[in-house]
Each structure stands twice: as structure tokens, then as C-alpha cells.
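Shown next: coords.csv, given as CSV, C-alpha atoms.
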```csv
chain,number,residue,atom,x,y,z
A,1,MET,CA,-12.2,4.9,-15.4
A,2,ILE,CA,-8.6,5.0,-16.5
A,3,SER,CA,-7.9,6.4,-19.9
A,4,LEU,CA,-5.2,4.3,-21.5
A,5,LYS,CA,-3.4,4.8,-24.8
A,6,GLU,CA,-0.5,3.1,-26.6
A,7,GLY,CA,2.5,5.2,-27.6
A,8,ILE,CA,6.1,5.0,-28.7
A,9,ILE,CA,9.0,6.5,-26.8
A,10,ILE,CA,10.8,9.0,-29.1
A,11,GLU,CA,13.0,10.9,-26.6
A,12,ILE,CA,14.5,10.4,-23.2
A,13,ILE,CA,14.8,14.0,-21.8
A,14,ASN,CA,16.3,13.1,-18.5
A,15,CYS,CA,16.6,10.0,-16.3
A,16,ASP,CA,18.2,8.6,-13.2
A,17,ASP,CA,17.9,5.3,-11.3
A,18,GLU,CA,14.2,5.8,-10.4
A,19,ILE,CA,12.5,8.1,-12.9
A,20,ASP,CA,12.6,8.8,-16.6
A,21,TRP,CA,11.3,12.1,-18.1
A,22,ILE,CA,10.4,11.2,-21.7
A,23,LYS,CA,8.5,12.1,-24.8
A,24,VAL,CA,6.1,9.8,-26.5
A,25,SER,CA,4.3,9.7,-29.8
A,26,ILE,CA,0.6,8.9,-29.6
A,27,GLU,CA,-1.4,8.7,-32.8
A,28,GLY,CA,1.0,11.1,-34.5
A,29,ASN,CA,1.2,13.6,-31.7
A,30,ASN,CA,4.0,14.1,-29.2
A,31,TYR,CA,3.5,14.3,-25.4
A,32,LYS,CA,5.6,14.5,-22.3
A,33,ALA,CA,5.5,11.4,-20.1
A,34,VAL,CA,7.0,10.0,-16.9
A,35,ASN,CA,8.2,6.4,-16.3
A,36,TYR,CA,9.0,5.2,-12.8
A,37,SER,CA,11.6,2.5,-13.4
A,38,LYS,CA,10.9,0.7,-10.1
A,39,LEU,CA,7.3,0.3,-11.2
A,40,THR,CA,7.5,-0.4,-14.9
A,41,GLY,CA,11.2,-1.0,-15.6
A,42,ASN,CA,13.8,0.8,-17.7
A,43,VAL,CA,12.9,2.3,-21.0
A,44,SER,CA,14.6,3.0,-24.3
A,45,ILE,CA,13.8,5.0,-27.4
A,46,GLY,CA,11.5,3.0,-29.7
A,47,ASP,CA,9.8,1.1,-26.8
A,48,LYS,CA,6.1,0.6,-27.2
A,49,VAL,CA,4.4,1.6,-24.0
A,50,ILE,CA,0.9,1.8,-22.5
A,51,LEU,CA,0.2,5.2,-20.9
A,52,ASN,CA,-2.3,6.5,-18.4
A,53,THR,CA,-3.5,9.7,-20.1
A,54,THR,CA,-6.4,10.5,-17.8
A,55,ALA,CA,-5.1,13.6,-16.0
A,56,VAL,CA,-3.9,15.4,-19.1
A,57,GLU,CA,-7.2,14.7,-20.9
A,58,LEU,CA,-9.0,16.3,-17.9
A,59,SER,CA,-6.5,19.2,-17.8
A,60,LEU,CA,-5.5,18.5,-14.2
A,61,GLY,CA,-2.3,19.8,-12.6
A,62,THR,CA,0.1,17.0,-13.3
A,63,GLY,CA,2.4,19.2,-15.3
A,64,GLY,CA,0.9,17.9,-18.6
A,65,TYR,CA,2.5,14.5,-18.2
A,66,HIS,CA,1.2,11.0,-19.2
A,67,PHE,CA,2.4,8.1,-17.1
A,68,VAL,CA,3.8,4.8,-18.3
A,69,VAL,CA,1.8,1.8,-17.1
A,70,HIS,CA,3.4,-1.0,-19.0
A,71,ASN,CA,6.4,-1.4,-21.4
A,72,HIS,CA,6.0,-4.1,-23.9
A,73,ASN,CA,9.8,-4.3,-24.5
A,74,TYR,CA,10.8,-4.7,-20.8
A,75,LYS,CA,11.4,-8.1,-19.4
A,76,GLN,CA,10.4,-8.0,-15.8
A,77,LYS,CA,13.0,-9.2,-13.2
A,78,SER,CA,12.1,-10.8,-9.9
A,79,ASP,CA,12.4,-8.6,-6.9
A,80,SER,CA,14.7,-10.1,-4.3
A,81,LYS,CA,14.8,-7.1,-1.9
A,82,LYS,CA,13.6,-7.5,1.7
A,83,GLY,CA,10.3,-6.2,3.0
A,84,HIS,CA,6.7,-7.2,2.8
A,85,ILE,CA,4.7,-4.0,3.3
A,86,MET,CA,2.7,-3.1,0.2
A,87,LYS,CA,2.0,0.4,-1.0
A,88,LEU,CA,-0.7,1.3,-3.5
A,89,ARG,CA,-2.3,-1.8,-2.1
A,90,TYR,CA,-4.8,-3.8,-4.1
A,91,THR,CA,-4.2,-1.8,-7.2
A,92,PRO,CA,-2.5,-3.0,-10.4
A,93,MET,CA,0.6,-1.0,-9.4
A,94,GLN,CA,1.0,-2.2,-5.9
A,95,ILE,CA,4.7,-2.3,-4.8
A,96,LYS,CA,6.6,-4.0,-2.0
A,97,CYS,CA,8.8,-2.0,0.3
A,98,LEU,CA,10.8,-2.5,3.5
A,99,ALA,CA,9.1,-0.3,6.1
A,100,ALA,CA,11.3,1.0,8.9
A,101,GLU,CA,9.0,-0.4,11.6
A,102,GLU,CA,8.3,-3.9,10.2
A,103,GLN,CA,9.8,-7.0,11.8
A,104,SER,CA,12.6,-7.6,9.3
A,105,SER,CA,13.8,-4.0,9.5
A,106,PRO,CA,17.0,-3.3,11.3
A,107,HIS,CA,15.2,-0.4,13.0
A,108,HIS,CA,12.3,-2.5,14.3
A,109,GLU,CA,13.4,-2.8,17.9
A,110,LYS,CA,14.3,0.9,18.2
A,111,ILE,CA,10.9,1.9,16.9
A,112,LYS,CA,9.2,-0.7,19.0
A,113,SER,CA,10.8,0.6,22.2
A,114,PHE,CA,9.9,4.2,21.5
A,115,THR,CA,8.5,6.2,24.4
A,116,SER,CA,8.4,9.9,23.4
A,117,LEU,CA,9.4,12.5,20.8
A,118,SER,CA,10.9,14.4,23.7
A,119,ASN,CA,9.9,17.8,22.4
A,120,TYR,CA,11.7,17.4,19.0
A,121,ILE,CA,10.7,20.0,16.5
A,122,PHE,CA,8.2,19.1,13.8
A,123,LEU,CA,7.0,21.7,11.2
A,124,THR,CA,3.8,20.8,9.5
A,125,GLY,CA,2.6,22.4,6.3
A,126,SER,CA,-0.2,22.0,3.7
A,127,LEU,CA,1.7,22.6,0.4
A,128,HIS,CA,4.8,21.0,-1.1
A,129,SER,CA,6.1,24.5,-2.1
A,130,MET,CA,6.6,25.2,1.6
A,131,VAL,CA,9.4,22.7,2.0
A,132,ALA,CA,12.2,24.3,0.0
A,133,PRO,CA,11.9,27.9,1.5
A,134,ILE,CA,11.7,26.7,5.1
A,135,ALA,CA,14.5,24.2,4.7
A,136,SER,CA,16.8,26.7,3.0
A,137,MET,CA,16.1,29.3,5.6
A,138,ILE,CA,17.0,26.9,8.4
A,139,LYS,CA,20.1,25.7,6.7
A,140,TYR,CA,21.1,29.2,5.8
A,141,LEU,CA,20.9,30.5,9.4
A,142,ARG,CA,22.2,27.3,11.0
A,143,PRO,CA,24.1,25.1,8.4
A,144,LYS,CA,24.8,22.2,10.8
A,145,THR,CA,21.1,21.6,11.4
A,146,LYS,CA,19.9,18.1,10.4
A,147,ILE,CA,16.7,18.4,8.5
A,148,ASN,CA,14.4,15.4,7.6
A,149,TYR,CA,11.4,15.6,5.3
A,150,ILE,CA,8.4,13.5,5.7
A,151,MET,CA,6.2,13.3,2.6
A,152,THR,CA,2.6,12.3,3.1
A,153,ASP,CA,0.3,10.8,0.6
A,154,GLY,CA,-1.9,13.9,0.2
A,155,GLY,CA,-0.4,14.8,-3.2
A,156,ALA,CA,2.0,13.0,-5.5
A,157,LEU,CA,2.7,9.5,-4.2
A,158,PRO,CA,6.2,8.9,-5.8
A,159,LEU,CA,8.8,11.0,-4.1
A,160,GLN,CA,10.8,11.0,-7.3
A,161,PHE,CA,8.2,13.2,-9.0
A,162,SER,CA,9.4,16.1,-6.9
A,163,LEU,CA,12.3,17.8,-8.6
A,164,THR,CA,12.4,20.1,-5.5
A,165,VAL,CA,13.3,17.3,-3.2
A,166,LYS,CA,16.0,16.0,-5.6
A,167,GLU,CA,17.5,19.5,-5.6
A,168,LEU,CA,17.3,19.9,-1.9
A,169,LYS,CA,19.1,16.7,-1.2
A,170,LYS,CA,21.7,17.3,-3.9
A,171,LYS,CA,22.5,20.7,-2.3
A,172,GLY,CA,22.6,19.2,1.2
A,173,ILE,CA,19.7,21.2,2.4
A,174,ILE,CA,17.6,18.2,3.3
A,175,ASP,CA,19.4,15.2,4.9
A,176,ASN,CA,16.9,12.4,4.7
A,177,THR,CA,13.4,11.7,3.4
A,178,ILE,CA,10.6,9.5,4.7
A,179,THR,CA,7.6,8.5,2.7
A,180,ILE,CA,4.5,7.5,4.7
A,181,GLY,CA,1.1,5.9,3.9
A,182,HIS,CA,0.9,5.2,0.2
A,183,SER,CA,3.6,7.6,-0.8
A,184,PHE,CA,6.8,5.9,-1.6
A,185,GLY,CA,10.4,6.3,-2.7
A,186,GLY,CA,11.9,8.0,0.4
A,187,ASP,CA,15.2,7.0,2.0
A,188,PHE,CA,12.9,5.4,4.6
A,189,GLU,CA,9.4,4.0,4.2
A,190,CYS,CA,6.8,4.0,7.0
A,191,VAL,CA,3.3,2.7,7.3
A,192,ASN,CA,1.8,5.9,8.8
A,193,ILE,CA,2.5,9.3,10.2
A,194,TYR,CA,3.2,8.1,13.7
A,195,THR,CA,5.9,5.7,12.7
A,196,GLY,CA,7.2,8.3,10.3
A,197,LEU,CA,7.6,10.8,13.2
A,198,ILE,CA,9.2,8.1,15.4
A,199,THR,CA,11.6,7.1,12.6
A,200,SER,CA,12.7,10.7,12.1
A,201,LYS,CA,13.5,11.2,15.7
A,202,GLU,CA,14.7,7.7,16.8
A,203,VAL,CA,16.4,6.4,13.7
A,204,LEU,CA,17.5,9.5,11.9
A,205,GLU,CA,18.0,11.8,15.0
A,206,SER,CA,16.8,14.9,13.2
A,207,ASP,CA,17.1,18.4,14.6
A,208,ILE,CA,14.0,19.5,12.7
A,209,THR,CA,11.5,17.5,10.6
A,210,ILE,CA,9.4,19.2,7.9
A,211,ILE,CA,6.1,17.4,7.1
A,212,ALA,CA,4.1,18.2,3.9
A,213,MET,CA,2.5,16.4,1.0
A,214,GLY,CA,4.2,15.9,-2.3
A,215,PRO,CA,3.4,18.1,-5.3
A,216,GLY,CA,-0.2,18.6,-6.2
A,217,ILE,CA,-2.7,19.5,-3.5
A,218,VAL,CA,-6.3,18.4,-4.1
A,219,GLY,CA,-9.0,21.0,-3.6
A,220,THR,CA,-12.7,21.3,-4.3
A,221,GLY,CA,-13.6,24.9,-3.2
A,222,THR,CA,-15.4,23.5,-0.2
A,223,ARG,CA,-14.6,24.0,3.5
A,224,TYR,CA,-13.3,20.5,4.2
A,225,GLY,CA,-12.7,19.1,0.7
A,226,TYR,CA,-9.0,19.5,0.3
A,227,SER,CA,-6.1,17.2,1.0
A,228,GLY,CA,-4.2,19.8,3.0
A,229,ILE,CA,-6.7,19.2,5.8
A,230,GLU,CA,-4.3,16.4,6.9
A,231,GLN,CA,-2.2,19.2,8.5
A,232,GLY,CA,-4.6,19.1,11.5
A,233,SER,CA,-4.4,15.4,12.3
A,234,ILE,CA,-0.6,15.6,11.8
A,235,LEU,CA,-0.2,18.4,14.3
A,236,ASP,CA,-2.3,16.3,16.8
A,237,ALA,CA,-0.1,13.3,16.1
A,238,VAL,CA,3.1,15.2,16.9
A,239,ASN,CA,1.5,16.4,20.2
A,240,ALA,CA,0.2,12.9,21.0
A,241,LEU,CA,3.7,11.5,20.8
A,242,GLY,CA,5.3,14.3,22.8
A,243,GLY,CA,6.8,16.4,20.1
A,244,LYS,CA,6.9,20.2,19.5
A,245,SER,CA,4.3,21.0,16.9
A,246,ILE,CA,4.6,24.1,14.7
A,247,ALA,CA,1.9,24.9,12.2
A,248,ILE,CA,3.1,26.4,8.9
A,249,PRO,CA,0.5,29.0,7.8
A,250,ARG,CA,-0.5,29.5,4.2
A,251,ILE,CA,-0.4,33.2,3.7
A,252,THR,CA,-0.7,35.3,0.6
A,253,PHE,CA,-2.1,38.6,-0.7
A,254,SER,CA,-1.4,37.7,-4.3
A,255,ASP,CA,-4.1,35.1,-4.9
A,256,ASN,CA,-7.2,36.3,-6.6
A,257,ARG,CA,-9.4,34.0,-4.6
A,258,ASP,CA,-10.8,35.6,-1.5
A,259,ARG,CA,-10.8,32.4,0.4
A,260,HIS,CA,-7.0,32.3,0.2
A,261,ARG,CA,-6.4,36.0,1.0
A,262,GLY,CA,-4.3,36.7,4.1
A,263,ILE,CA,-4.3,33.5,6.1
A,264,SER,CA,-5.9,30.9,3.7
A,265,HIS,CA,-9.1,29.3,4.7
A,266,HIS,CA,-7.1,26.0,4.6
A,267,THR,CA,-5.0,27.1,7.6
A,268,LEU,CA,-7.9,28.7,9.4
A,269,THR,CA,-10.1,25.6,9.0
A,270,VAL,CA,-7.3,23.3,10.2
A,271,LEU,CA,-6.5,25.3,13.3
A,272,ASN,CA,-10.1,26.2,14.2
A,273,LYS,CA,-12.0,23.1,13.4
A,274,ILE,CA,-9.7,20.1,12.9
A,275,THR,CA,-6.9,20.2,15.5
A,276,PHE,CA,-7.7,19.1,19.1
A,277,SER,CA,-4.4,20.0,20.6
A,278,LYS,CA,-2.4,23.2,21.0
A,279,CYS,CA,0.4,24.1,18.6
A,280,ASP,CA,2.6,27.0,17.8
A,281,LEU,CA,1.4,29.2,14.9
A,282,VAL,CA,4.2,31.4,13.6
A,283,LEU,CA,3.0,34.5,11.7
A,284,PRO,CA,5.2,37.0,9.7
A,285,ILE,CA,5.7,40.7,10.4
A,286,LEU,CA,4.3,42.3,7.2
A,287,SER,CA,3.0,45.8,6.5
A,288,GLU,CA,0.6,47.4,9.0
A,289,GLU,CA,-2.4,47.0,6.7
A,290,LYS,CA,-1.7,43.3,6.1
A,291,ASN,CA,-0.9,42.7,9.8
A,292,LEU,CA,-4.3,44.2,10.7
A,293,PHE,CA,-6.1,42.0,8.1
A,294,ILE,CA,-4.4,38.9,9.5
A,295,GLU,CA,-5.1,39.9,13.1
A,296,LYS,CA,-8.8,40.3,12.2
A,297,GLN,CA,-8.8,36.8,10.8
A,298,ILE,CA,-7.3,35.4,14.0
A,299,ASN,CA,-9.8,37.2,16.2
A,300,ASN,CA,-12.8,36.2,14.1
A,301,THR,CA,-11.9,32.5,14.2
A,302,LYS,CA,-10.7,32.7,17.9
A,303,ILE,CA,-7.6,30.7,16.9
A,304,SER,CA,-5.6,32.5,19.6
A,305,SER,CA,-7.6,30.8,22.3
A,306,LYS,CA,-6.7,27.4,20.9
A,307,HIS,CA,-3.1,27.9,19.9
A,308,ASN,CA,0.1,29.8,20.7
A,309,ILE,CA,0.4,32.8,18.2
A,310,LEU,CA,3.9,34.0,17.7
A,311,TYR,CA,5.4,36.7,15.4
A,312,GLN,CA,8.7,36.5,13.7
A,313,GLU,CA,10.5,38.4,10.9
A,314,GLY,CA,11.1,36.4,7.7
A,315,GLU,CA,12.5,39.0,5.3
A,316,ASN,CA,15.8,37.3,4.8
A,317,ILE,CA,14.2,34.3,3.1
A,318,LYS,CA,15.2,36.0,-0.1
A,319,GLU,CA,18.9,35.8,1.0
A,320,ALA,CA,18.5,32.1,1.8
A,321,LEU,CA,16.8,31.3,-1.6
A,322,ASP,CA,19.5,33.2,-3.5
A,323,PHE,CA,22.3,31.6,-1.5
A,324,TYR,CA,21.2,28.1,-2.5
A,325,ASN,CA,20.0,29.3,-6.0
A,326,LEU,CA,16.5,28.0,-5.5
A,327,LYS,CA,13.8,29.1,-7.9
A,328,THR,CA,10.8,27.9,-5.9
A,329,THR,CA,7.3,28.9,-7.0
A,330,THR,CA,3.9,28.5,-5.4
A,331,MET,CA,0.8,28.2,-7.5
A,332,GLY,CA,3.0,29.4,-10.4
A,333,ARG,CA,4.2,32.5,-8.5
A,334,ASN,CA,7.8,33.2,-7.6
A,335,TYR,CA,9.2,35.3,-4.7
A,336,ASN,CA,8.7,38.6,-6.4
A,337,GLN,CA,5.1,37.8,-7.3
A,338,ASP,CA,4.2,36.5,-3.9
A,339,LYS,CA,6.6,37.9,-1.3
A,340,ASP,CA,4.2,37.5,1.7
A,341,TYR,CA,4.0,33.8,1.1
A,342,PHE,CA,7.7,33.3,1.2
A,343,ILE,CA,8.3,35.8,4.0
A,344,SER,CA,5.8,33.7,6.1
A,345,LEU,CA,7.9,30.6,5.5
A,346,GLY,CA,11.0,32.5,6.3
A,347,ALA,CA,9.5,33.4,9.6
A,348,VAL,CA,8.7,29.8,10.4
A,349,GLY,CA,12.3,28.8,9.6
A,350,LYS,CA,13.8,31.5,11.7
A,351,TYR,CA,11.6,30.6,14.6
A,352,ALA,CA,12.6,27.0,14.4
A,353,VAL,CA,16.2,27.9,14.5
A,354,ALA,CA,15.7,30.1,17.5
A,355,LEU,CA,14.0,27.1,19.3
A,356,ILE,CA,17.0,24.9,18.6
A,357,GLU,CA,19.4,27.5,19.9
A,358,GLY,CA,17.3,28.1,23.0
A,359,HIS,CA,16.3,31.6,22.3
A,360,GLN,CA,12.6,31.0,22.6
```
What would you get if you wrote out this structure as C-alpha cells?
Amino acid sequence: MISLKEGIIIEIINCDDEIDWIKVSIEGNNYKAVNYSKLTGNVSIGDKVILNTTAVELSLGTGGYHFVVHNHNYKQKSDSKKGHIMKLRYTPMQIKCLAAEEQSSPHHEKIKSFTSLSNYIFLTGSLHSMVAPIASMIKYLRPKTKINYIMTDGGALPLQFSLTVKELKKKGIIDNTITIGHSFGGDFECVNIYTGLITSKEVLESDITIIAMGPGIVGTGTRYGYSGIEQGSILDAVNALGGKSIAIPRITFSDNRDRHRGISHHTLTVLNKITFSKCDLVLPILSEEKNLFIEKQINNTKISSKHNILYQEGENIKEALDFYNLKTTTMGRNYNQDKDYFISLGAVGKYAVALIEGHQ
């Protein structure tokens, strides 16, 4: 069941054309809230709104935000924009968008005539926090590289919820965004991962495409019950269409949970049990002790018999992050608190640049 409460907007903290970060008063208490203007219209101080308060009441990882469902003061305008593909289908919040592949799209024929991804490079990850470090590393080493980001529907559905993507685009680190499935708000909308891949290559002519969910991975502490498991099917999708698939590993020695120590069980499960095709797995060069730990994980799961295991240095990820003044965190940890995680992403970025330049 949805938990709904009525509130009054008392402050607009920040806003742009698509999202408003606000404060609301509910029964005398003040809370942070989010309004997506393309869903529920523009807001003003004093507006009476209905809010979805479910996640905050359950103490889930939504950043402590309620979400505006309806604004009593907003007079809805008719939508005259093109497109007939619905996202959030058959829910009270379903929205219309123009998908890149649909018949009325100017890109329909180009996508329809697609034959192959022609070994274009696609980096696939399982966490949203992987996007900024990898993209910044690539751009730092090779500024002219054209990077597209495909956001899946494994985490947050509205792209606008990601302050990271907004910053990456503003700084010119990411060039274009594509939202697939039920995620929405990208520069281009696509029905599924396959047409998302095709759009990135055929329409946007990317050098490198990074694929990962939006903020907020879902996990249950079980082997297969996490939304990052989509990484496996995406790697297979890239290979099926003739692309160059590179798996981004989730590596840390700073997480207190044993299942995430070294190479996370998320990555191990995907590469050992979920993928059916071969991809490149790029691993960082860490301390001897940590390298041995990771090597043991690789041997125990026999991943090296299914995939190409490559090693790359990633130490200058710190230089890239500092150059672009990015303060990226993962699970609340910054670079100094989880260096191995970020060095791993630096290694992937460096390897991708080497591929483009023909050094691999």
C-alpha cells in the first residue's frame, strides 16, 4: 500500500525545468520532498500537495525525501508533444514519451536498419556510483572521447533524481543520456536495452557507452535478489548485437559485509551464473595481499574460464576526480575511505581509453 499524506510547501530549496527540491510541512513537522514538474506540474510556496511518504516511513534509502503525487493548486495543461510510448505503464503516474525507435521518431529508420554494434565499446556496471569515476577517468585521459550514459530502470526511474548526472553533463564529462525500460528523463528515451544500445551507437555515435542503473540499488542479502543482477543480461545483450562488452567489477575492502569483500558477490554471481557470453573483466592492480585475495575469488568461481581477465592500473583516478572537482561517494564512502573501489573504476576507464587508441 502507498502511504499518502497532505502537506504544504514551505520552501523551494532548488529547482530547474524538471525537478524541484522542496520542504513541506506535514502535521506541524517539516520534511524534504521532491517534485517532478513533468509529472505533477510546477510548484509554489503555499501550495497544498499530496505526498507519497512510504519510503521515509520505512527508512529506505531515498535520501529521506517524500515525493509529490498531486498539487491541488496546479492546473494541468494538455500535453501536445509527440510520442505514444508509455512509461510507468498502467500506474497512476504513467507518462508519455517519444521513444527513439518508434515510428514517429526521426531516428526510426536508422534504428530499423541497424545491423551491428561493430565492436563499439560498452561498459556495464551494477551501481550508479560507478558512472562518475569511470567517465571522469576516460575524459581526463582522452578529453575528445564522446561518452553516452544509458540509465536502466534497476534503481531510480527519473533521471533527474541523479545530481551526479546533472553535474557530469554540466561539466561536459557525459555528452548524452538515454533512459530505457521504465526509467525516463534522458536526452533520448528507449523501450529496452537493445534499442538503447543501438541508439547510442547509430544515433549518437558514441565512442564509449556506460550502462548502469540510477541511484538506489535494491538488495535482499540473497544470492540472486538484487537489481544489479541486470548487469549479466546487459553484457549478453551487448555481445548479441556485436558490441565490445566490458564488465565493471564491484571491488572493495572497506565494506564490513563479507559478501562484498574483494570482488563483491554481486559481480561474482553475474559473471559466474548469469552471463552466457564472454566479456572483458578489468581488475585493478592493488597490494599483493589484496591481489591474492581477488585471485583466489577468481579461481574459486572459475570465472577465468568464462571471461577475459585483464589487469590495469587505476591509481590516477584521484587525479581525474580532483581535476573535475567530483566528490563522488559509494555507500556513503568517499575516495579516501574506499580507495580500492575507485581505483578499480579508474582501471576500467584507463583500459577503455587504451582500446579506443588501439593499444590493446
Considering all atoms listed in the file, state which residue in the set A:Thr328, A:Ser104, A:Thr40, A:Asn119 is at the smallest distance from A:Pro92.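 With all atoms listed in the file as the atom set, the closest residue is A:Thr40.
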Taking only C-alpha atoms into account, which of A:Leu141, A:Ala33, A:Ile19, A:Ile180 comes nearest A:Met86? A:Ile180
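Comparing the minimum interatomic distances between A:His84 and each of A:Val191, A:Ala237, A:Glu27, A:Ala132, counting all atoms listed in the file, we find that A:Val191 sits nearest.
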What's around A:Ser233 at 10 Å? Count all atoms listed in the file, leave out sequence neighbours fewer than 4 positions away in its own chain, and write the answer as a PyMOL selection string. chain A and resi 193+229+237-239+270+274-277
May I have the selected residues written with C-alpha atoms, as a CSV table (one decimal), keeping the file's coordinate frame?
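Done, and the output landed in result_35.csv:
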```
chain,number,residue,atom,x,y,z
A,193,ILE,CA,2.5,9.3,10.2
A,229,ILE,CA,-6.7,19.2,5.8
A,237,ALA,CA,-0.1,13.3,16.1
A,238,VAL,CA,3.1,15.2,16.9
A,239,ASN,CA,1.5,16.4,20.2
A,270,VAL,CA,-7.3,23.3,10.2
A,274,ILE,CA,-9.7,20.1,12.9
A,275,THR,CA,-6.9,20.2,15.5
A,276,PHE,CA,-7.7,19.1,19.1
A,277,SER,CA,-4.4,20.0,20.6
```
re atom CA of A:Ile173 and atom CA of A:His128: distance 15.3 Å
